file work35.csv (CSV, C-alpha atoms)
chain,number,residue,atom,x,y,z
A,236,MET,CA,-106.9,6.7,61.1
A,237,ARG,CA,-103.6,5.1,60.0
A,238,ARG,CA,-104.0,1.4,59.1
A,239,VAL,CA,-101.6,-0.9,60.9
A,240,VAL,CA,-100.0,-3.3,58.4
A,241,TRP,CA,-100.6,-7.0,59.1
A,242,GLU,CA,-96.9,-7.8,59.9
A,243,HIS,CA,-96.9,-5.4,62.9
A,244,TRP,CA,-99.6,-7.5,64.6
A,245,ILE,CA,-97.5,-10.6,64.1
A,246,GLY,CA,-94.3,-8.8,65.3
A,247,ALA,CA,-96.2,-7.5,68.4
A,248,LEU,CA,-97.4,-11.1,69.2
A,249,GLY,CA,-93.9,-12.4,68.6
A,250,LEU,CA,-92.4,-9.8,71.0
A,251,LEU,CA,-95.0,-10.7,73.7
A,252,LEU,CA,-94.2,-14.4,73.3
A,253,LEU,CA,-90.5,-13.7,73.4
A,254,LEU,CA,-91.0,-12.0,76.9
A,255,VAL,CA,-93.2,-14.9,78.1
A,256,GLY,CA,-90.8,-17.5,76.7
A,257,THR,CA,-87.8,-15.8,78.3
A,258,TRP,CA,-89.5,-15.9,81.7
A,259,LEU,CA,-90.5,-19.5,81.2
A,260,SER,CA,-86.9,-20.4,80.1
A,261,LEU,CA,-85.1,-18.5,82.8
A,262,ALA,CA,-87.4,-18.7,85.8
A,263,TRP,CA,-90.0,-21.5,85.3
A,264,ALA,CA,-88.1,-24.3,83.6
A,265,PRO,CA,-85.9,-26.5,85.9
A,266,ALA,CA,-82.2,-26.9,85.3
A,267,ASP,CA,-81.2,-29.9,83.2
A,268,ALA,CA,-80.1,-32.8,85.3
A,269,HIS,CA,-76.8,-33.4,83.4
A,270,MET,CA,-76.0,-30.1,81.8
A,271,GLY,CA,-77.0,-27.8,84.6
A,272,LEU,CA,-78.2,-24.2,84.1
A,273,VAL,CA,-76.3,-23.6,80.8
A,274,GLN,CA,-78.8,-25.9,79.1
A,275,LYS,CA,-81.1,-22.8,79.2
A,276,ILE,CA,-79.2,-21.6,76.2
A,277,MET,CA,-81.1,-24.2,74.2
A,278,TYR,CA,-84.2,-22.1,74.3
A,279,VAL,CA,-82.6,-19.4,72.1
A,280,HIS,CA,-80.1,-21.6,70.2
A,281,VAL,CA,-82.6,-24.1,68.8
A,282,PRO,CA,-85.3,-21.5,67.7
A,283,ALA,CA,-82.5,-19.5,66.0
A,284,ALA,CA,-81.6,-22.6,64.1
A,285,TRP,CA,-85.2,-23.4,63.1
A,286,VAL,CA,-85.8,-19.9,61.8
A,287,ALA,CA,-82.5,-19.7,60.0
A,288,MET,CA,-83.2,-23.0,58.2
A,289,LEU,CA,-86.8,-22.0,57.5
A,290,ALA,CA,-85.6,-18.7,56.0
A,291,PHE,CA,-83.1,-20.5,53.8
A,292,THR,CA,-85.8,-22.9,52.6
A,293,ILE,CA,-88.0,-19.8,51.7
A,294,VAL,CA,-84.9,-18.5,49.8
A,295,PHE,CA,-84.8,-21.8,47.9
A,296,VAL,CA,-88.5,-21.8,47.0
A,297,ALA,CA,-88.3,-18.1,46.0
A,298,ALA,CA,-85.3,-18.7,43.8
A,299,VAL,CA,-87.1,-21.5,42.0
A,300,GLY,CA,-90.1,-19.2,41.8
A,301,TRP,CA,-88.0,-16.5,40.1
A,302,LEU,CA,-86.5,-18.9,37.6
A,303,TRP,CA,-89.8,-20.4,36.8
A,304,ARG,CA,-92.1,-17.4,36.7
A,305,GLY,CA,-89.8,-14.4,36.5
A,306,THR,CA,-91.9,-12.1,38.7
A,307,TRP,CA,-90.1,-9.5,40.9
A,308,GLY,CA,-91.9,-10.5,44.1
A,309,TRP,CA,-89.9,-13.8,44.1
A,310,ASP,CA,-86.6,-11.9,43.7
A,311,ALA,CA,-87.5,-9.6,46.6
A,312,LEU,CA,-88.3,-12.6,48.7
A,313,VAL,CA,-84.9,-14.2,47.9
A,314,GLU,CA,-83.2,-10.9,49.0
A,315,SER,CA,-85.3,-10.5,52.2
A,316,ALA,CA,-85.2,-14.2,53.4
A,317,THR,CA,-81.5,-14.5,52.7
A,318,GLU,CA,-80.7,-11.5,55.0
A,319,VAL,CA,-83.0,-12.8,57.8
A,320,GLY,CA,-81.5,-16.3,57.4
A,321,VAL,CA,-77.9,-14.9,57.7
A,322,VAL,CA,-78.8,-12.8,60.8
A,323,MET,CA,-80.4,-15.8,62.5
A,324,GLY,CA,-77.7,-18.1,61.3
A,325,ALA,CA,-74.9,-15.9,62.7
A,326,LEU,CA,-76.8,-15.7,66.0
A,327,LEU,CA,-77.2,-19.5,66.0
A,328,LEU,CA,-73.4,-20.0,65.5
A,329,ALA,CA,-72.6,-17.4,68.2
A,330,LEU,CA,-75.0,-18.9,70.7
A,331,GLY,CA,-73.7,-22.4,69.9
A,332,SER,CA,-70.2,-21.2,70.6
A,333,ILE,CA,-71.3,-19.7,74.0
A,334,TRP,CA,-72.9,-23.0,74.9
A,335,ALA,CA,-70.0,-25.0,73.7
A,336,ARG,CA,-67.4,-23.3,75.9
A,337,PRO,CA,-68.8,-24.5,79.3
A,338,THR,CA,-70.0,-27.9,78.1
A,339,TRP,CA,-67.3,-29.0,75.6
A,340,GLY,CA,-64.5,-26.9,76.9
A,341,VAL,CA,-63.9,-25.2,73.6
A,342,TRP,CA,-65.5,-22.2,71.7
A,343,TRP,CA,-65.4,-24.0,68.4
A,344,ASP,CA,-64.7,-27.5,66.9
A,345,TRP,CA,-64.4,-28.5,63.3
A,346,ASP,CA,-67.1,-31.1,63.9
A,347,PRO,CA,-69.5,-32.0,61.0
A,348,ARG,CA,-72.6,-30.2,62.4
A,349,LEU,CA,-70.7,-27.0,63.3
A,350,THR,CA,-68.7,-27.0,60.0
A,351,THR,CA,-71.7,-27.5,57.7
A,352,ALA,CA,-73.7,-24.9,59.7
A,353,ALA,CA,-70.8,-22.4,59.2
A,354,VAL,CA,-70.6,-23.2,55.5
A,355,MET,CA,-74.4,-22.6,55.3
A,356,VAL,CA,-74.2,-19.2,56.8
A,357,LEU,CA,-71.1,-18.2,54.8
A,358,SER,CA,-72.7,-19.4,51.5
A,359,PHE,CA,-75.8,-17.3,52.0
A,360,SER,CA,-73.6,-14.3,53.2
A,361,ALA,CA,-71.8,-14.7,49.8
A,362,LEU,CA,-75.2,-14.6,48.1
A,363,MET,CA,-75.8,-11.2,49.7
A,364,ALA,CA,-72.4,-10.0,48.5
A,365,LEU,CA,-73.2,-11.2,45.0
A,366,ARG,CA,-76.4,-9.2,45.0
A,367,GLY,CA,-74.3,-6.1,45.8
A,368,PHE,CA,-72.0,-6.6,42.8
A,369,VAL,CA,-74.6,-6.9,40.1
A,370,ASP,CA,-76.3,-3.7,38.9
A,371,ASP,CA,-78.6,-5.1,36.3
A,372,PRO,CA,-81.8,-6.2,38.2
A,373,GLU,CA,-82.6,-9.1,35.9
A,374,LYS,CA,-79.1,-10.6,35.8
A,375,ARG,CA,-78.8,-10.1,39.6
A,376,ALA,CA,-82.1,-12.0,40.2
A,377,THR,CA,-81.1,-14.9,37.9
A,378,TRP,CA,-77.5,-15.2,39.2
A,379,THR,CA,-78.6,-15.1,42.8
A,380,ALA,CA,-81.4,-17.5,42.2
A,381,VAL,CA,-79.0,-20.1,40.8
A,382,ALA,CA,-76.5,-19.4,43.6
A,383,ALA,CA,-79.2,-19.8,46.2
A,384,ILE,CA,-80.2,-23.2,44.8
A,385,VAL,CA,-76.5,-24.3,44.9
A,386,ALA,CA,-76.1,-22.9,48.5
A,387,TYR,CA,-79.3,-24.7,49.6
A,388,VAL,CA,-77.8,-28.1,49.0
A,389,ASP,CA,-75.9,-27.7,52.3
A,390,VAL,CA,-79.1,-27.1,54.4
A,391,PRO,CA,-80.3,-30.7,54.5
A,392,ILE,CA,-76.7,-31.8,55.1
A,393,VAL,CA,-76.6,-29.5,58.2
A,394,TYR,CA,-79.8,-31.2,59.4
A,395,PHE,CA,-78.7,-34.8,58.8
A,396,SER,CA,-75.0,-34.2,59.7
A,397,VAL,CA,-75.5,-35.4,63.3
A,398,ARG,CA,-77.0,-38.7,62.0
A,399,TRP,CA,-74.6,-39.3,59.1
A,400,TRP,CA,-71.3,-38.7,60.9
A,401,ARG,CA,-70.0,-39.1,64.4
A,402,SER,CA,-70.5,-35.6,65.8
A,403,LEU,CA,-69.7,-33.8,69.0
A,404,HIS,CA,-73.1,-32.1,68.6
A,405,GLN,CA,-76.1,-34.0,70.0
A,406,LEU,CA,-78.8,-35.6,67.9
A,407,GLN,CA,-82.1,-33.7,67.3
A,408,SER,CA,-84.2,-34.0,70.4
A,409,SER,CA,-87.8,-35.3,70.2
A,410,ARG,CA,-90.9,-35.3,72.5
A,411,GLY,CA,-89.9,-38.7,73.6
A,412,THR,CA,-86.4,-37.7,74.8
A,413,VAL,CA,-87.2,-34.3,76.4
A,414,ASP,CA,-89.1,-33.7,79.6
A,415,PRO,CA,-92.3,-31.6,79.0
A,416,ALA,CA,-91.0,-29.0,81.5
A,417,LEU,CA,-88.2,-28.3,79.0
A,418,LEU,CA,-90.4,-28.5,76.0
A,419,VAL,CA,-92.9,-25.8,77.0
A,420,PRO,CA,-90.4,-22.9,76.9
A,421,LEU,CA,-88.8,-24.4,73.8
A,422,TYR,CA,-92.1,-24.4,71.9
A,423,VAL,CA,-93.1,-20.9,73.2
A,424,MET,CA,-89.7,-19.5,72.1
A,425,GLY,CA,-89.9,-21.4,68.8
A,426,ILE,CA,-93.2,-19.7,68.0
A,427,ALA,CA,-91.9,-16.4,69.2
A,428,PHE,CA,-88.8,-16.6,67.0
A,429,LEU,CA,-91.0,-17.7,64.1
A,430,LEU,CA,-93.3,-14.7,64.4
A,431,VAL,CA,-90.4,-12.3,64.8
A,432,GLY,CA,-88.8,-13.9,61.8
A,433,VAL,CA,-92.0,-13.4,59.7
A,434,TRP,CA,-92.0,-9.7,60.8
A,435,PHE,CA,-88.3,-9.4,59.7
A,436,VAL,CA,-88.9,-11.0,56.3
A,437,ALA,CA,-92.0,-8.9,55.7
A,438,ARG,CA,-90.3,-5.6,56.6
A,439,ARG,CA,-87.2,-6.5,54.6
A,440,TYR,CA,-89.4,-7.6,51.7
A,441,ARG,CA,-91.0,-4.1,51.6
A,442,ILE,CA,-87.5,-2.5,51.5
A,443,ALA,CA,-86.5,-4.8,48.6
A,444,ARG,CA,-89.6,-3.9,46.7
A,445,ALA,CA,-89.1,-0.2,47.2
A,446,ARG,CA,-85.5,-0.4,46.0
A,447,LEU,CA,-86.5,-2.4,43.0
A,448,ALA,CA,-89.3,0.1,42.1
A,449,ALA,CA,-86.7,2.9,42.4
A,450,GLU,CA,-84.3,1.1,40.2
A,451,MET,CA,-87.0,0.5,37.6
A,452,GLU,CA,-88.0,4.1,37.7
A,453,GLU,CA,-84.3,5.1,37.2
A,454,GLU,CA,-84.0,2.8,34.2
A,455,ALA,CA,-87.2,4.0,32.6
A,456,ALA,CA,-86.1,7.7,33.0
B,1280,MET,CA,-63.4,-22.9,89.0
B,1281,THR,CA,-63.6,-26.7,89.3
B,1282,PRO,CA,-64.7,-28.9,86.4
B,1283,GLY,CA,-68.5,-29.0,86.2
B,1284,MET,CA,-69.0,-25.7,88.0
B,1285,GLU,CA,-69.1,-23.8,84.8
B,1286,LEU,CA,-72.3,-25.8,83.9
B,1287,ASN,CA,-74.2,-23.9,86.6
B,1288,ASP,CA,-72.7,-20.5,85.9
B,1289,MET,CA,-75.6,-18.2,84.9
B,1290,GLY,CA,-73.0,-15.9,83.3
B,1291,TRP,CA,-73.1,-18.0,80.1
B,1292,VAL,CA,-76.9,-17.9,80.1
B,1293,TRP,CA,-77.1,-14.1,80.6
B,1294,GLY,CA,-74.5,-13.7,77.9
B,1295,ALA,CA,-76.5,-15.8,75.4
B,1296,TYR,CA,-79.8,-14.1,76.2
B,1297,GLY,CA,-78.2,-10.6,76.2
B,1298,LEU,CA,-76.6,-11.3,72.8
B,1299,THR,CA,-80.0,-12.6,71.4
B,1300,ALA,CA,-81.8,-9.5,72.6
B,1301,ALA,CA,-79.1,-7.2,71.2
B,1302,VAL,CA,-79.1,-8.9,67.8
B,1303,LEU,CA,-82.9,-8.9,67.5
B,1304,VAL,CA,-83.3,-5.3,68.7
B,1305,THR,CA,-80.5,-4.0,66.5
B,1306,TYR,CA,-81.8,-5.8,63.4
B,1307,ALA,CA,-85.4,-4.5,64.1
B,1308,ILE,CA,-84.1,-0.9,64.4
B,1309,SER,CA,-82.0,-1.3,61.2
B,1310,LEU,CA,-85.0,-2.6,59.3
B,1311,THR,CA,-87.2,0.3,60.5
B,1312,LEU,CA,-84.6,2.9,59.6
B,1313,ARG,CA,-83.9,1.4,56.2
B,1314,PHE,CA,-87.7,1.2,55.5
B,1315,ARG,CA,-88.1,4.9,56.4
B,1316,LYS,CA,-85.2,5.8,54.2
B,1317,GLU,CA,-86.5,3.9,51.2
B,1318,ARG,CA,-90.0,5.6,51.5
B,1319,ARG,CA,-88.5,9.1,51.4
call {"tool": "encode", "arguments": {"input": "work35.csv", "output": "structure tokens"}}
result
Amino acid sequence: MRRVVWEHWIGALGLLLLLVGTWLSLAWAPADAHMGLVQKIMYVHVPAAWVAMLAFTIVFVAAVGWLWRGTWGWDALVESATEVGVVMGALLLALGSIWARPTWGVWWDWDPRLTTAAVMVLSFSALMALRGFVDDPEKRATWTAVAAIVAYVDVPIVYFSVRWWRSLHQLQSSRGTVDPALLVPLYVMGIAFLLVGVWFVARRYRIARARLAAEMEEEAA
Amino acid sequence: MTPGMELNDMGWVWGAYGLTAAVLVTYAISLTLRFRKERR
């Protein structure tokens, strides 16, 4: 019998929770008293932000891991988590834009939170481009690890931007400021996005390892 | 549409959820196809 790899169980659970979370968000949770029905965009916008920032944090840890230990697993993790972070980050920006239009009246504003988030996604996209330019695996791993550490400087700035500067974007919500009826779908969707994100990184990691192995074989031949 | 009406327009919400589903499904398919290609 074919063995099912561990990440597929996580992906399946993530998919199930996505369906439950979508039902909770769209059908179960009440509309926000001030923002109306468009507030429901929060249940996909915020989890996309959580997973994007978590993925970039994994990139940072993996970049340090490569520079410190020099094992290929860290480099493959840099590659996989960067791509997943960029996908989630681009989704985050697009969802924020869709939410901004009916609430702020504009698709985009050069506000500190939006600008730093865009810089974050563009920096890590540049990291992906950099990987494509360098053929030598060792140089590629080292250069992208250094670039990843530099790019990561922006991630805490994104998080604190709404506190440090006067921003159009609201502050982070907490359990004390959000009604439990809105928190339940948010947490379910957060866990669902996290599990799907783990599946993405794991699958992308296997691709990166397979490519590295093929490159090493080519070099040895 | 009068000011404020847009806040209760489900079109924005369907758009956001539709985009999310499209991105997640497309990326999952892309990963599966690339994985199969690498294994060959």
call {"tool": "residues_around", "arguments": {"input": "work35.csv", "residues": "range 1308-1319 of chain B", "least_positions_apart": "2", "cutoff": "7 Å", "atoms": "all atoms listed in the file", "output": "list in words"}}
result
Arg438, Arg439, Ile442, Ala445 and Arg446 of chain A; Val1304, Thr1305 and Tyr1306 of chain B
call {"tool": "write_last_selection", "arguments": {"input": "work35.csv", "atoms": "C-alpha atoms", "output": "PDB file, in the coordinates of the input"}}
result
ATOM      1  CA  ARG A 438     -90.300  -5.600  56.600  1.00  0.00           C
ATOM      2  CA  ARG A 439     -87.200  -6.500  54.600  1.00  0.00           C
ATOM      3  CA  ILE A 442     -87.500  -2.500  51.500  1.00  0.00           C
ATOM      4  CA  ALA A 445     -89.100  -0.200  47.200  1.00  0.00           C
ATOM      5  CA  ARG A 446     -85.500  -0.400  46.000  1.00  0.00           C
TER       6      ARG A 446
ATOM      7  CA  VAL B1304     -83.300  -5.300  68.700  1.00  0.00           C
ATOM      8  CA  THR B1305     -80.500  -4.000  66.500  1.00  0.00           C
ATOM      9  CA  TYR B1306     -81.800  -5.800  63.400  1.00  0.00           C
TER      10      TYR B1306
END
call {"tool": "residues_around", "arguments": {"input": "work35.csv", "residues": "range 413-428 of chain A", "least_positions_apart": "4", "cutoff": "10 Å", "atoms": "only C-alpha atoms", "output": "PyMOL selection string"}}
result
(chain A and resi 245-261+263-267+274-275+277-287+323+408-409+432-434) or (chain B and resi 1303)
call {"tool": "interface_residues", "arguments": {"input": "work35.csv", "of": "chain A", "to": "chain B", "cutoff": "6 Å", "atoms": "only C-alpha atoms", "output": "ChimeraX atom specification"}}
result
/A:271-273,276,330,337,442
call {"tool": "write_last_selection", "arguments": {"input": "work35.csv", "atoms": "C-alpha atoms", "output": "PDB file, in the coordinates of the input"}}
result
ATOM      1  CA  GLY A 271     -77.000 -27.800  84.600  1.00  0.00           C
ATOM      2  CA  LEU A 272     -78.200 -24.200  84.100  1.00  0.00           C
ATOM      3  CA  VAL A 273     -76.300 -23.600  80.800  1.00  0.00           C
ATOM      4  CA  ILE A 276     -79.200 -21.600  76.200  1.00  0.00           C
ATOM      5  CA  LEU A 330     -75.000 -18.900  70.700  1.00  0.00           C
ATOM      6  CA  PRO A 337     -68.800 -24.500  79.300  1.00  0.00           C
ATOM      7  CA  ILE A 442     -87.500  -2.500  51.500  1.00  0.00           C
TER       8      ILE A 442
END
call {"tool": "atom_distance", "arguments": {"input": "work35.csv", "atom1": "CA of Glu318 in chain A", "atom2": "CA of Met363 in chain A"}}
result
7.2 Å
call {"tool": "closest_residue", "arguments": {"input": "work35.csv", "among": "A:Ala298, A:Leu447, A:Ala290, A:Ala311", "to": "Val390 in chain A", "atoms": "all atoms listed in the file"}}
result
A:Ala290
call {"tool": "atom_distance", "arguments": {"input": "work35.csv", "atom1": "CA of Tyr440 in chain A", "atom2": "CA of Arg304 in chain A"}}
result
18.1 Å
call {"tool": "closest_residue", "arguments": {"input": "work35.csv", "among": "A:Val381, A:Val436, A:Leu365, A:Leu349", "to": "Trp400 in chain A", "atoms": "only C-alpha atoms"}}
result
A:Leu349
call {"tool": "build_atoms", "arguments": {"input": "work35.csv", "residues": "range 424-447 of chain A", "atoms": "N, CA, C and O atoms", "output": "PDB file, in the coordinates of the input"}}
result
ATOM      1  N   MET A 424     -90.733 -20.289  72.768  1.00  0.00           N
ATOM      2  CA  MET A 424     -89.700 -19.500  72.100  1.00  0.00           C
ATOM      3  C   MET A 424     -89.595 -19.790  70.628  1.00  0.00           C
ATOM      4  O   MET A 424     -89.297 -18.889  69.839  1.00  0.00           O
ATOM      5  N   GLY A 425     -89.874 -21.037  70.248  1.00  0.00           N
ATOM      6  CA  GLY A 425     -89.900 -21.400  68.800  1.00  0.00           C
ATOM      7  C   GLY A 425     -90.922 -20.580  68.072  1.00  0.00           C
ATOM      8  O   GLY A 425     -90.648 -19.998  67.015  1.00  0.00           O
ATOM      9  N   ILE A 426     -92.137 -20.509  68.624  1.00  0.00           N
ATOM     10  CA  ILE A 426     -93.200 -19.700  68.000  1.00  0.00           C
ATOM     11  C   ILE A 426     -92.862 -18.254  67.980  1.00  0.00           C
ATOM     12  O   ILE A 426     -93.066 -17.556  66.988  1.00  0.00           O
ATOM     13  N   ALA A 427     -92.293 -17.772  69.110  1.00  0.00           N
ATOM     14  CA  ALA A 427     -91.900 -16.400  69.200  1.00  0.00           C
ATOM     15  C   ALA A 427     -90.877 -16.005  68.125  1.00  0.00           C
ATOM     16  O   ALA A 427     -91.016 -15.008  67.407  1.00  0.00           O
ATOM     17  N   PHE A 428     -89.849 -16.830  67.981  1.00  0.00           N
ATOM     18  CA  PHE A 428     -88.800 -16.600  67.000  1.00  0.00           C
ATOM     19  C   PHE A 428     -89.428 -16.640  65.559  1.00  0.00           C
ATOM     20  O   PHE A 428     -89.059 -15.856  64.686  1.00  0.00           O
ATOM     21  N   LEU A 429     -90.361 -17.571  65.368  1.00  0.00           N
ATOM     22  CA  LEU A 429     -91.000 -17.700  64.100  1.00  0.00           C
ATOM     23  C   LEU A 429     -91.765 -16.419  63.708  1.00  0.00           C
ATOM     24  O   LEU A 429     -91.628 -15.884  62.598  1.00  0.00           O
ATOM     25  N   LEU A 430     -92.546 -15.912  64.668  1.00  0.00           N
ATOM     26  CA  LEU A 430     -93.300 -14.700  64.400  1.00  0.00           C
ATOM     27  C   LEU A 430     -92.429 -13.488  64.193  1.00  0.00           C
ATOM     28  O   LEU A 430     -92.670 -12.684  63.287  1.00  0.00           O
ATOM     29  N   VAL A 431     -91.379 -13.375  65.005  1.00  0.00           N
ATOM     30  CA  VAL A 431     -90.400 -12.300  64.800  1.00  0.00           C
ATOM     31  C   VAL A 431     -89.737 -12.407  63.455  1.00  0.00           C
ATOM     32  O   VAL A 431     -89.536 -11.430  62.741  1.00  0.00           O
ATOM     33  N   GLY A 432     -89.429 -13.638  63.079  1.00  0.00           N
ATOM     34  CA  GLY A 432     -88.800 -13.900  61.800  1.00  0.00           C
ATOM     35  C   GLY A 432     -89.719 -13.491  60.626  1.00  0.00           C
ATOM     36  O   GLY A 432     -89.271 -12.916  59.640  1.00  0.00           O
ATOM     37  N   VAL A 433     -91.026 -13.764  60.774  1.00  0.00           N
ATOM     38  CA  VAL A 433     -92.000 -13.400  59.700  1.00  0.00           C
ATOM     39  C   VAL A 433     -92.013 -11.835  59.641  1.00  0.00           C
ATOM     40  O   VAL A 433     -92.022 -11.268  58.535  1.00  0.00           O
ATOM     41  N   TRP A 434     -91.989 -11.159  60.791  1.00  0.00           N
ATOM     42  CA  TRP A 434     -92.000  -9.700  60.800  1.00  0.00           C
ATOM     43  C   TRP A 434     -90.712  -9.179  60.071  1.00  0.00           C
ATOM     44  O   TRP A 434     -90.772  -8.269  59.245  1.00  0.00           O
ATOM     45  N   PHE A 435     -89.568  -9.788  60.390  1.00  0.00           N
ATOM     46  CA  PHE A 435     -88.300  -9.400  59.700  1.00  0.00           C
ATOM     47  C   PHE A 435     -88.389  -9.546  58.224  1.00  0.00           C
ATOM     48  O   PHE A 435     -88.052  -8.635  57.472  1.00  0.00           O
ATOM     49  N   VAL A 436     -88.836 -10.730  57.776  1.00  0.00           N
ATOM     50  CA  VAL A 436     -88.900 -11.000  56.300  1.00  0.00           C
ATOM     51  C   VAL A 436     -89.855 -10.018  55.657  1.00  0.00           C
ATOM     52  O   VAL A 436     -89.549  -9.448  54.596  1.00  0.00           O
ATOM     53  N   ALA A 437     -91.019  -9.799  56.288  1.00  0.00           N
ATOM     54  CA  ALA A 437     -92.000  -8.900  55.700  1.00  0.00           C
ATOM     55  C   ALA A 437     -91.483  -7.475  55.577  1.00  0.00           C
ATOM     56  O   ALA A 437     -91.654  -6.816  54.545  1.00  0.00           O
ATOM     57  N   ARG A 438     -90.826  -6.992  56.631  1.00  0.00           N
ATOM     58  CA  ARG A 438     -90.300  -5.600  56.600  1.00  0.00           C
ATOM     59  C   ARG A 438     -89.157  -5.530  55.541  1.00  0.00           C
ATOM     60  O   ARG A 438     -89.068  -4.567  54.794  1.00  0.00           O
ATOM     61  N   ARG A 439     -88.296  -6.558  55.515  1.00  0.00           N
ATOM     62  CA  ARG A 439     -87.200  -6.500  54.600  1.00  0.00           C
ATOM     63  C   ARG A 439     -87.676  -6.663  53.132  1.00  0.00           C
ATOM     64  O   ARG A 439     -87.086  -6.095  52.206  1.00  0.00           O
ATOM     65  N   TYR A 440     -88.794  -7.397  52.966  1.00  0.00           N
ATOM     66  CA  TYR A 440     -89.400  -7.600  51.700  1.00  0.00           C
ATOM     67  C   TYR A 440     -89.893  -6.200  51.132  1.00  0.00           C
ATOM     68  O   TYR A 440     -89.700  -5.857  49.972  1.00  0.00           O
ATOM     69  N   ARG A 441     -90.499  -5.429  52.019  1.00  0.00           N
ATOM     70  CA  ARG A 441     -91.000  -4.100  51.600  1.00  0.00           C
ATOM     71  C   ARG A 441     -89.823  -3.204  51.188  1.00  0.00           C
ATOM     72  O   ARG A 441     -89.948  -2.416  50.245  1.00  0.00           O
ATOM     73  N   ILE A 442     -88.688  -3.312  51.892  1.00  0.00           N
ATOM     74  CA  ILE A 442     -87.500  -2.500  51.500  1.00  0.00           C
ATOM     75  C   ILE A 442     -87.018  -2.941  50.141  1.00  0.00           C
ATOM     76  O   ILE A 442     -86.733  -2.113  49.276  1.00  0.00           O
ATOM     77  N   ALA A 443     -86.950  -4.271  49.928  1.00  0.00           N
ATOM     78  CA  ALA A 443     -86.500  -4.800  48.600  1.00  0.00           C
ATOM     79  C   ALA A 443     -87.383  -4.335  47.497  1.00  0.00           C
ATOM     80  O   ALA A 443     -86.914  -3.936  46.425  1.00  0.00           O
ATOM     81  N   ARG A 444     -88.706  -4.369  47.714  1.00  0.00           N
ATOM     82  CA  ARG A 444     -89.600  -3.900  46.700  1.00  0.00           C
ATOM     83  C   ARG A 444     -89.489  -2.457  46.372  1.00  0.00           C
ATOM     84  O   ARG A 444     -89.543  -2.032  45.220  1.00  0.00           O
ATOM     85  N   ALA A 445     -89.304  -1.653  47.428  1.00  0.00           N
ATOM     86  CA  ALA A 445     -89.100  -0.200  47.200  1.00  0.00           C
ATOM     87  C   ALA A 445     -87.878   0.095  46.450  1.00  0.00           C
ATOM     88  O   ALA A 445     -87.872   0.941  45.555  1.00  0.00           O
ATOM     89  N   ARG A 446     -86.804  -0.651  46.754  1.00  0.00           N
ATOM     90  CA  ARG A 446     -85.500  -0.400  46.000  1.00  0.00           C
ATOM     91  C   ARG A 446     -85.676  -0.844  44.571  1.00  0.00           C
ATOM     92  O   ARG A 446     -85.189  -0.152  43.678  1.00  0.00           O
ATOM     93  N   LEU A 447     -86.343  -1.975  44.342  1.00  0.00           N
ATOM     94  CA  LEU A 447     -86.500  -2.400  43.000  1.00  0.00           C
ATOM     95  C   LEU A 447     -87.359  -1.421  42.171  1.00  0.00           C
ATOM     96  O   LEU A 447     -87.018  -1.101  41.025  1.00  0.00           O
TER      97      LEU A 447
END
